[in-house]
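Written out below as structure tokens is the structure these notes cover.
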Amino acid sequence: MDIKKLIGQSASIKKQAFIEELENIPISFFEFNNSEISNFSLNNTKTGITADVSPRALNRWIDQGVVIIEESDKGKTRRFNRLESIWIKIAVELRNFGVSLNDLKYIREQLFDYTFEGFNMFKFKILKNILTTPEYIVISEHHQVGFYPYSHYAKLASKGFLLSHINIRFIDYIKEEFPNNSLNTDFGIKDFEEDINKVSLLYYLKTNDFKEIRITLSDGDIRLLNNSSQLKNNSELLEQIQNWNFKAVKIIIDTETEYIIDN
């Protein structure tokens, strides 16, 4: 049995399955993925290392292509964007299960190198887990990567269809990058998949990755949010947002970056 050949065939199948999954998602998700907002939050915002890994081990991972950073970020304290930081935490967990560096690199290739129309699997799955349905990452015996919504995973497990694997609850590692998150809150924005502005607002309400949100309901009536959890105690304002019944929303992300929604 040619294991390498089988793995190669399986990788091709999974890549095709990923492309087919993307073909069925709303166009607003594509627009959001390629927008300045998602790039600023996930691709461009740099942090220091927060995972439990030594600098020596991390440098070895960078040398072997398990972790990728820009050349200009080498040697800096804040050098990892959020995509990379989430991946590093997952890689640490997989190392605890005994996964080799070569196999980590192969797993990374599946997550980052499967691309379609500007999407790579890893970023797409992070956005999907934030905005819609949390999933497990499942790593098979031969280190093939799969994603399973909780209900689907439970159904397969109950029928004994799952072979030996490593199971990682993906949302836990995403939450660590957004410590003030409201990912468990359903904000009830209607038909959000149809509009990139709705997707964008929901993203910031879920992650709380902003300094302030200013909601203009009418001339002279401006409401302020410093944290999206404030909406839990303001049913009137939440209803206005759910029904998209406002004049404008200004999301102040930091001192130099903001996003404005005119309605």
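Order determines the names: the first chain of the structure tokens is A, the second B, and so forth; residues in each chain are numbered 1 upward, and ligands are numbered 1 upward as they are shown.
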Given only C-alpha atoms, how would the per-residue table for range 72-103 of chain A near range 143-152 of chain A read, listing every residue at most 12 Å away with its closest atom pair and distance in Å to one decimal, sorted by chain and number, as a tab-separated table?
residue	atom	partner	partner_atom	distance
A:Leu94	CA	A:His143	CA	10.5
A:Phe97	CA	A:His143	CA	12.0
A:Gly98	CA	A:His143	CA	11.8
A:Val99	CA	A:His143	CA	8.7
A:Ser100	CA	A:His143	CA	10.3
A:Leu101	CA	A:His143	CA	11.8
A:Asn102	CA	A:His143	CA	10.5
A:Asp103	CA	A:His143	CA	6.8
For this session: Just list the residues in range 28-119 of chain A DSSP gives alpha helix (DSSP H) on the backbone, as an MDAnalysis selection string.
Result: chainID A and resid 28:33 36:38 55:63 82:96 101:112
Generate the output file for the selected residues, N, CA and C atoms, as a short mmCIF file (atom, residue, chain, number, x, y, z; two decimals), in the first residue's frame.
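Okay, again_14.cif is ready:
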data_model
loop_
_atom_site.label_atom_id
_atom_site.label_comp_id
_atom_site.auth_asym_id
_atom_site.auth_seq_id
_atom_site.Cartn_x
_atom_site.Cartn_y
_atom_site.Cartn_z
N SER A 28 -21.28 37.92 0.35
CA SER A 28 -20.85 38.88 1.37
C SER A 28 -19.66 38.35 2.16
N PHE A 29 -19.57 37.01 2.31
CA PHE A 29 -18.43 36.44 3.02
C PHE A 29 -17.15 36.61 2.21
N PHE A 30 -17.24 36.48 0.89
CA PHE A 30 -16.08 36.72 0.04
C PHE A 30 -15.65 38.18 0.16
N GLU A 31 -16.63 39.06 0.09
CA GLU A 31 -16.33 40.49 0.17
C GLU A 31 -15.69 40.83 1.52
N PHE A 32 -16.23 40.26 2.59
CA PHE A 32 -15.68 40.54 3.91
C PHE A 32 -14.28 39.97 4.05
N ASN A 33 -14.06 38.77 3.54
CA ASN A 33 -12.74 38.15 3.62
C ASN A 33 -11.68 39.02 2.97
N GLU A 36 -10.80 45.48 3.82
CA GLU A 36 -9.79 46.08 4.70
C GLU A 36 -10.05 45.73 6.16
N ILE A 37 -11.32 45.55 6.51
CA ILE A 37 -11.67 45.25 7.90
C ILE A 37 -11.10 43.91 8.33
N SER A 38 -11.40 42.85 7.60
CA SER A 38 -10.92 41.53 8.02
C SER A 38 -9.40 41.45 7.90
N PRO A 55 10.99 30.58 22.97
CA PRO A 55 11.52 31.29 21.80
C PRO A 55 12.42 30.41 20.94
N ARG A 56 13.18 29.53 21.57
CA ARG A 56 14.07 28.65 20.81
C ARG A 56 13.28 27.69 19.93
N ALA A 57 12.23 27.09 20.51
CA ALA A 57 11.39 26.17 19.73
C ALA A 57 10.67 26.92 18.62
N LEU A 58 10.19 28.11 18.93
CA LEU A 58 9.45 28.89 17.94
C LEU A 58 10.36 29.27 16.77
N ASN A 59 11.59 29.65 17.06
CA ASN A 59 12.52 29.97 15.98
C ASN A 59 12.80 28.75 15.11
N ARG A 60 12.85 27.58 15.72
CA ARG A 60 13.03 26.36 14.94
C ARG A 60 11.82 26.10 14.04
N TRP A 61 10.63 26.38 14.57
CA TRP A 61 9.42 26.22 13.77
C TRP A 61 9.43 27.17 12.58
N ILE A 62 9.89 28.40 12.82
CA ILE A 62 9.97 29.37 11.72
C ILE A 62 10.98 28.90 10.68
N ASP A 63 12.12 28.40 11.12
CA ASP A 63 13.16 27.93 10.20
C ASP A 63 12.66 26.76 9.35
N ARG A 82 -2.97 37.69 13.77
CA ARG A 82 -3.89 36.84 14.53
C ARG A 82 -4.04 35.46 13.90
N LEU A 83 -4.01 35.37 12.59
CA LEU A 83 -4.08 34.06 11.94
C LEU A 83 -2.92 33.18 12.42
N GLU A 84 -1.73 33.76 12.42
CA GLU A 84 -0.54 33.00 12.82
C GLU A 84 -0.57 32.68 14.31
N SER A 85 -1.06 33.61 15.12
CA SER A 85 -1.11 33.37 16.57
C SER A 85 -2.06 32.22 16.90
N ILE A 86 -3.21 32.19 16.21
CA ILE A 86 -4.15 31.08 16.43
C ILE A 86 -3.52 29.77 16.00
N TRP A 87 -2.85 29.79 14.85
CA TRP A 87 -2.20 28.58 14.37
C TRP A 87 -1.11 28.10 15.33
N ILE A 88 -0.32 29.00 15.87
CA ILE A 88 0.75 28.62 16.80
C ILE A 88 0.17 27.89 18.01
N LYS A 89 -0.93 28.41 18.55
CA LYS A 89 -1.57 27.76 19.70
C LYS A 89 -2.04 26.35 19.36
N ILE A 90 -2.59 26.20 18.16
CA ILE A 90 -3.03 24.87 17.72
C ILE A 90 -1.83 23.96 17.54
N ALA A 91 -0.75 24.51 16.96
CA ALA A 91 0.46 23.71 16.75
C ALA A 91 1.04 23.24 18.09
N VAL A 92 1.01 24.10 19.11
CA VAL A 92 1.48 23.70 20.44
C VAL A 92 0.65 22.53 20.95
N GLU A 93 -0.66 22.61 20.77
CA GLU A 93 -1.53 21.53 21.23
C GLU A 93 -1.23 20.23 20.48
N LEU A 94 -1.01 20.33 19.19
CA LEU A 94 -0.71 19.13 18.39
C LEU A 94 0.64 18.54 18.79
N ARG A 95 1.59 19.38 19.12
CA ARG A 95 2.88 18.87 19.61
C ARG A 95 2.69 18.10 20.91
N ASN A 96 1.75 18.55 21.75
CA ASN A 96 1.47 17.83 22.98
C ASN A 96 0.92 16.44 22.71
N LEU A 101 7.26 17.88 13.63
CA LEU A 101 7.32 19.16 12.92
C LEU A 101 7.01 18.97 11.44
N ASN A 102 7.46 17.87 10.84
CA ASN A 102 7.16 17.62 9.43
C ASN A 102 5.65 17.48 9.22
N ASP A 103 4.99 16.79 10.14
CA ASP A 103 3.55 16.61 10.03
C ASP A 103 2.81 17.92 10.32
N LEU A 104 3.35 18.74 11.23
CA LEU A 104 2.76 20.06 11.48
C LEU A 104 2.82 20.91 10.22
N LYS A 105 3.93 20.83 9.52
CA LYS A 105 4.07 21.60 8.28
C LYS A 105 3.05 21.14 7.24
N TYR A 106 2.81 19.83 7.16
CA TYR A 106 1.82 19.30 6.23
C TYR A 106 0.41 19.75 6.61
N ILE A 107 0.12 19.74 7.91
CA ILE A 107 -1.19 20.22 8.38
C ILE A 107 -1.36 21.69 8.04
N ARG A 108 -0.29 22.46 8.25
CA ARG A 108 -0.34 23.89 7.93
C ARG A 108 -0.62 24.11 6.44
N GLU A 109 0.02 23.32 5.59
CA GLU A 109 -0.18 23.47 4.15
C GLU A 109 -1.66 23.30 3.80
N GLN A 110 -2.31 22.34 4.43
CA GLN A 110 -3.72 22.12 4.15
C GLN A 110 -4.56 23.32 4.60
N LEU A 111 -4.19 23.92 5.71
CA LEU A 111 -4.98 25.02 6.26
C LEU A 111 -4.74 26.34 5.54
N PHE A 112 -3.50 26.59 5.14
CA PHE A 112 -3.14 27.90 4.59
C PHE A 112 -2.98 27.90 3.08
#
Problem set entry | Closest of A:Lys190, A:Lys247, A:Lys155, A:Lys198 to Thr216 in chain A - atom-to-atom distances counting only C-alpha atoms |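 Closest residue, counting only C-alpha atoms: A:Lys247.
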Problem set entry | Shell of 12 Å around Tyr153 in chain A, only C-alpha atoms, local chain residues under 6 positions omitted, as a ChimeraX atom specification | /A:134-138,146-147,159-163,167-169
Print the selection's residues with C-alpha atoms to a file, as a short mmCIF file (atom, residue, chain, number, x, y, z; two decimals), in the first residue's frame.
data_model
loop_
_atom_site.label_atom_id
_atom_site.label_comp_id
_atom_site.auth_asym_id
_atom_site.auth_seq_id
_atom_site.Cartn_x
_atom_site.Cartn_y
_atom_site.Cartn_z
CA PRO A 134 -18.46 26.55 15.76
CA GLU A 135 -16.59 23.48 14.54
CA TYR A 136 -14.10 20.88 15.64
CA ILE A 137 -10.80 20.53 13.82
CA VAL A 138 -10.20 16.82 13.31
CA GLY A 146 -11.26 18.06 8.53
CA PHE A 147 -13.78 20.46 10.07
CA LYS A 159 -22.74 5.75 14.93
CA GLY A 160 -19.09 4.77 15.26
CA PHE A 161 -18.11 6.28 11.91
CA LEU A 162 -15.07 8.20 13.22
CA LEU A 163 -11.70 6.46 13.18
CA ASN A 167 -10.08 16.50 18.08
CA ILE A 168 -9.57 20.25 18.69
CA ARG A 169 -12.33 22.67 19.61
#
For this session: Name the residues of range 26-192 of chain A that fall into strand (DSSP E or B) according to DSSP on the backbone, using the chain letters and numbers of this document, as number ranges by chain.
Result: A: 46-47, 80-81, 115-116, 119-120, 135-140, 145-149, 165-169
Exercise. When you draw a straight line from CA of Leu205 in chain A to CA of Glu193 in chain A, how long is it in Å?
Worked result: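 Distance between the two atoms: 15.1 Å.
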Exercise. Residues at most 12 Å from Asp186 in chain A, counting only C-alpha atoms, excluding those fewer than 5 positions away in the same chain, as a list in words?
Worked result: Ile130, Leu131, Thr132, Thr133, Phe192, Leu202, Tyr203, Leu205, Lys206, Ser228, Ser229, Leu231, Lys232, Leu238 and Gln242 of chain A
